[in-house]
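Structure first, commentary second.
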Amino acid sequence: MLDHMTFRVRDIAQAKAFYAAALAPLGYTLALEGNFGANIVGFGHPDSSEPEGKRTDVWFIDGPSPYGGPEVTTGCHLCWRAASRAQVDAFYAAAIAAGGRDNGAPGLRPHYHPNYYGAFVLDPEGNNIEAVCHLPG
């Protein structure tokens, strides 16, 4: 089970604006922002099982890690589960409006399974982000 994901970005303000817009249709909001040795923004969604009622599971950090590795996270595929096909459509529209690039318009992907409804967008760093709904119609 995943707890959280962290991605390094070139421009934290750009990442904040892009992901605030793209993730809003999926119920995400900015949950944390600050400098903790590096500028960090975290996005979360309502989760009654968490002590504060919100689960922050997506983090963005600007600049390289002090432990080495790539300066920026690129070429990753990250997918969020949507509650409906309408949420997938709204995610796609918001991500494109926020500066993302089309990488697969909303639609059925029956080669995955008959009800796989997804949309793909390249974020400002070139990561392939997706929203998917697995429910019928």
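Residue numbering restarts at 1 in every chain; chains get A, B, ... in the order shown in the structure tokens, and ligands count up from 1 in that same order.
Within the 9 Å cut-off around Ala15 in chain A, using only C-alpha atoms and omitting residues fewer than 4 positions from it on the same chain, the listed residues are Val9, Arg10, Asp11, Tyr19, Ala20, Val41, Phe60, Asp123, Pro124 and Glu125 of chain A.
Neighbours of Cys133 in chain A closer than or equal to 10 Å, with only C-alpha atoms counted and sequence neighbours fewer than 3 positions away skipped, come out as Trp80, Arg81, Ala82, Ala83, Ser84, Arg85, Ala86, Gln87, Val88, Leu108, Asn115, Tyr116, Tyr117, Gly118, Ala119, Pro136 and Gly137 of chain A.
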Take the residues just selected and output them with C-alpha atoms as a PDB file, in the first residue's frame.
```
ATOM      1  CA  TRP A  80      -5.246   9.142  -9.437  1.00  0.00           C
ATOM      2  CA  ARG A  81      -8.481   7.209  -9.040  1.00  0.00           C
ATOM      3  CA  ALA A  82     -11.601   9.180  -9.876  1.00  0.00           C
ATOM      4  CA  ALA A  83     -15.047   8.484  -8.466  1.00  0.00           C
ATOM      5  CA  SER A  84     -16.754   9.081 -11.804  1.00  0.00           C
ATOM      6  CA  ARG A  85     -16.106   9.587 -15.492  1.00  0.00           C
ATOM      7  CA  ALA A  86     -17.157  13.205 -15.039  1.00  0.00           C
ATOM      8  CA  GLN A  87     -14.271  13.646 -12.588  1.00  0.00           C
ATOM      9  CA  VAL A  88     -11.876  12.226 -15.190  1.00  0.00           C
ATOM     10  CA  LEU A 108     -12.582   4.243 -22.615  1.00  0.00           C
ATOM     11  CA  ASN A 115     -14.820  -0.030 -17.960  1.00  0.00           C
ATOM     12  CA  TYR A 116     -11.367   1.625 -17.848  1.00  0.00           C
ATOM     13  CA  TYR A 117     -12.092   5.316 -18.458  1.00  0.00           C
ATOM     14  CA  GLY A 118      -8.978   7.454 -18.277  1.00  0.00           C
ATOM     15  CA  ALA A 119      -7.328  10.670 -19.395  1.00  0.00           C
ATOM     16  CA  PRO A 136     -19.269   1.345 -15.621  1.00  0.00           C
ATOM     17  CA  GLY A 137     -20.926   4.364 -17.259  1.00  0.00           C
TER      18      GLY A 137
END
```
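Here CA of Gly44 in chain A and CA of Met5 in chain A stand 11.4 Å from one another.
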**Asked** How many Å lie between CA of Asn35 in chain A and CA of Ile12 in chain A, rounded to one decimal?
**Response** 10.9 Å
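Residue nearest Gly42 in chain A, chosen from A:Ala24, A:Ile61, A:Ala98, A:Met1 and counting only C-alpha atoms: A:Ile61.
Residues of range 51-111 of chain A assigned to strand (DSSP E or B) by DSSP on this structure's backbone: Lys54, Arg55, Thr56, Asp57, Val58, Trp59, Phe60, Ile61, Asp62, His77, Leu78, Cys79, Trp80, Arg81, Arg101, Asp102, Asn103, Gly104, Ala105, Pro106, Gly107 and Leu108 of chain A.
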**Complete:** The residue from A:Pro64, A:Thr29, A:Phe18, A:Lys54 with the smallest atom-to-atom distance to Ile129 in chain A, counting only C-alpha atoms, is A:Phe18
**Request:** Mind checking which residues fall within 9 Å of Asn128 in chain A, counting only C-alpha atoms, ignoring those fewer than 4 positions away in the same chain, and posting them as a VMD selection string?
**Result:** chain A and resid 74 to 79 103 120 to 123
Output all heavy atoms for every residue in the selection just made, as a PDB file, in the first residue's frame.
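Here's the written file part_12.pdb:
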```pdb
ATOM      1  N   THR A  74      11.265  13.270 -13.796  1.00  0.00           N
ATOM      2  CA  THR A  74      10.671  13.329 -15.134  1.00  0.00           C
ATOM      3  C   THR A  74      10.373  11.915 -15.618  1.00  0.00           C
ATOM      4  O   THR A  74      10.954  10.942 -15.142  1.00  0.00           O
ATOM      5  CB  THR A  74      11.610  14.005 -16.156  1.00  0.00           C
ATOM      6  OG1 THR A  74      12.808  13.231 -16.247  1.00  0.00           O
ATOM      7  CG2 THR A  74      11.945  15.420 -15.761  1.00  0.00           C
ATOM      8  N   GLY A  75       9.478  11.839 -16.578  1.00  0.00           N
ATOM      9  CA  GLY A  75       9.193  10.569 -17.232  1.00  0.00           C
ATOM     10  C   GLY A  75       8.419   9.567 -16.406  1.00  0.00           C
ATOM     11  O   GLY A  75       8.326   8.402 -16.765  1.00  0.00           O
ATOM     12  N   CYS A  76       7.835  10.001 -15.284  1.00  0.00           N
ATOM     13  CA  CYS A  76       7.052   9.084 -14.446  1.00  0.00           C
ATOM     14  C   CYS A  76       5.595   9.059 -14.897  1.00  0.00           C
ATOM     15  O   CYS A  76       5.112   9.978 -15.539  1.00  0.00           O
ATOM     16  CB  CYS A  76       7.094   9.527 -12.993  1.00  0.00           C
ATOM     17  SG  CYS A  76       8.677   9.251 -12.223  1.00  0.00           S
ATOM     18  N   HIS A  77       4.912   8.000 -14.529  1.00  0.00           N
ATOM     19  CA  HIS A  77       3.468   7.906 -14.742  1.00  0.00           C
ATOM     20  C   HIS A  77       2.823   7.852 -13.368  1.00  0.00           C
ATOM     21  O   HIS A  77       3.128   6.979 -12.564  1.00  0.00           O
ATOM     22  CB  HIS A  77       3.125   6.651 -15.539  1.00  0.00           C
ATOM     23  CG  HIS A  77       1.653   6.468 -15.746  1.00  0.00           C
ATOM     24  ND1 HIS A  77       1.122   5.344 -16.286  1.00  0.00           N
ATOM     25  CD2 HIS A  77       0.599   7.262 -15.490  1.00  0.00           C
ATOM     26  CE1 HIS A  77      -0.192   5.436 -16.351  1.00  0.00           C
ATOM     27  NE2 HIS A  77      -0.531   6.602 -15.863  1.00  0.00           N
ATOM     28  N   LEU A  78       1.932   8.788 -13.119  1.00  0.00           N
ATOM     29  CA  LEU A  78       1.238   8.879 -11.845  1.00  0.00           C
ATOM     30  C   LEU A  78      -0.247   8.948 -12.130  1.00  0.00           C
ATOM     31  O   LEU A  78      -0.693   9.754 -12.940  1.00  0.00           O
ATOM     32  CB  LEU A  78       1.700  10.138 -11.102  1.00  0.00           C
ATOM     33  CG  LEU A  78       1.125  10.430  -9.742  1.00  0.00           C
ATOM     34  CD1 LEU A  78       1.390   9.290  -8.774  1.00  0.00           C
ATOM     35  CD2 LEU A  78       1.723  11.717  -9.203  1.00  0.00           C
ATOM     36  N   CYS A  79      -1.033   8.085 -11.483  1.00  0.00           N
ATOM     37  CA  CYS A  79      -2.464   8.012 -11.757  1.00  0.00           C
ATOM     38  C   CYS A  79      -3.267   8.155 -10.472  1.00  0.00           C
ATOM     39  O   CYS A  79      -2.948   7.521  -9.468  1.00  0.00           O
ATOM     40  CB  CYS A  79      -2.778   6.674 -12.429  1.00  0.00           C
ATOM     41  SG  CYS A  79      -4.515   6.481 -12.837  1.00  0.00           S
ATOM     42  N   ASN A 103      -1.980  14.013 -23.560  1.00  0.00           N
ATOM     43  CA  ASN A 103      -1.277  12.753 -23.789  1.00  0.00           C
ATOM     44  C   ASN A 103      -2.280  11.606 -23.888  1.00  0.00           C
ATOM     45  O   ASN A 103      -1.928  10.452 -23.727  1.00  0.00           O
ATOM     46  CB  ASN A 103      -0.257  12.492 -22.675  1.00  0.00           C
ATOM     47  CG  ASN A 103       0.824  11.527 -23.101  1.00  0.00           C
ATOM     48  OD1 ASN A 103       1.200  11.484 -24.268  1.00  0.00           O
ATOM     49  ND2 ASN A 103       1.324  10.750 -22.163  1.00  0.00           N
ATOM     50  N   PHE A 120      -5.050  11.279 -19.920  1.00  0.00           N
ATOM     51  CA  PHE A 120      -3.615  11.424 -19.698  1.00  0.00           C
ATOM     52  C   PHE A 120      -3.154  12.823 -20.097  1.00  0.00           C
ATOM     53  O   PHE A 120      -3.519  13.339 -21.149  1.00  0.00           O
ATOM     54  CB  PHE A 120      -2.852  10.397 -20.536  1.00  0.00           C
ATOM     55  CG  PHE A 120      -3.231   8.982 -20.249  1.00  0.00           C
ATOM     56  CD1 PHE A 120      -4.335   8.409 -20.866  1.00  0.00           C
ATOM     57  CD2 PHE A 120      -2.498   8.214 -19.368  1.00  0.00           C
ATOM     58  CE1 PHE A 120      -4.696   7.091 -20.613  1.00  0.00           C
ATOM     59  CE2 PHE A 120      -2.849   6.897 -19.103  1.00  0.00           C
ATOM     60  CZ  PHE A 120      -3.951   6.333 -19.726  1.00  0.00           C
ATOM     61  N   VAL A 121      -2.315  13.413 -19.245  1.00  0.00           N
ATOM     62  CA  VAL A 121      -1.780  14.753 -19.482  1.00  0.00           C
ATOM     63  C   VAL A 121      -0.303  14.741 -19.082  1.00  0.00           C
ATOM     64  O   VAL A 121       0.070  14.118 -18.088  1.00  0.00           O
ATOM     65  CB  VAL A 121      -2.531  15.804 -18.637  1.00  0.00           C
ATOM     66  CG1 VAL A 121      -1.918  17.185 -18.790  1.00  0.00           C
ATOM     67  CG2 VAL A 121      -4.011  15.833 -18.993  1.00  0.00           C
ATOM     68  N   LEU A 122       0.531  15.441 -19.855  1.00  0.00           N
ATOM     69  CA  LEU A 122       1.925  15.643 -19.468  1.00  0.00           C
ATOM     70  C   LEU A 122       2.007  16.887 -18.604  1.00  0.00           C
ATOM     71  O   LEU A 122       1.539  17.965 -18.999  1.00  0.00           O
ATOM     72  CB  LEU A 122       2.816  15.779 -20.697  1.00  0.00           C
ATOM     73  CG  LEU A 122       2.881  14.538 -21.587  1.00  0.00           C
ATOM     74  CD1 LEU A 122       3.713  14.821 -22.833  1.00  0.00           C
ATOM     75  CD2 LEU A 122       3.434  13.348 -20.835  1.00  0.00           C
ATOM     76  N   ASP A 123       2.590  16.748 -17.414  1.00  0.00           N
ATOM     77  CA  ASP A 123       2.721  17.890 -16.509  1.00  0.00           C
ATOM     78  C   ASP A 123       3.904  18.772 -16.958  1.00  0.00           C
ATOM     79  O   ASP A 123       4.587  18.442 -17.935  1.00  0.00           O
ATOM     80  CB  ASP A 123       2.833  17.411 -15.057  1.00  0.00           C
ATOM     81  CG  ASP A 123       4.194  16.872 -14.645  1.00  0.00           C
ATOM     82  OD1 ASP A 123       5.131  16.830 -15.479  1.00  0.00           O
ATOM     83  OD2 ASP A 123       4.335  16.496 -13.469  1.00  0.00           O
TER      84      ASP A 123
END
```
**Request:** Determine, counting only C-alpha atoms, which protein, DNA and RNA residues have an atom within 6 Å of an atom of His4 in chain A; residues of the same chain fewer than 2 positions away are not included. Present the result as a list in words.
**Result:** Leu2, Asp57 and Val58 of chain A
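For the atom pair formed by CA of Gln14 in chain A and CA of Glu52 in chain A, the distance is 27.1 Å, given to one decimal.
Closest approach to Glu33 in chain A from the set A:His134, A:Asp62, A:Gly53, A:His45 is made by A:Asp62, with distances taken over only C-alpha atoms.
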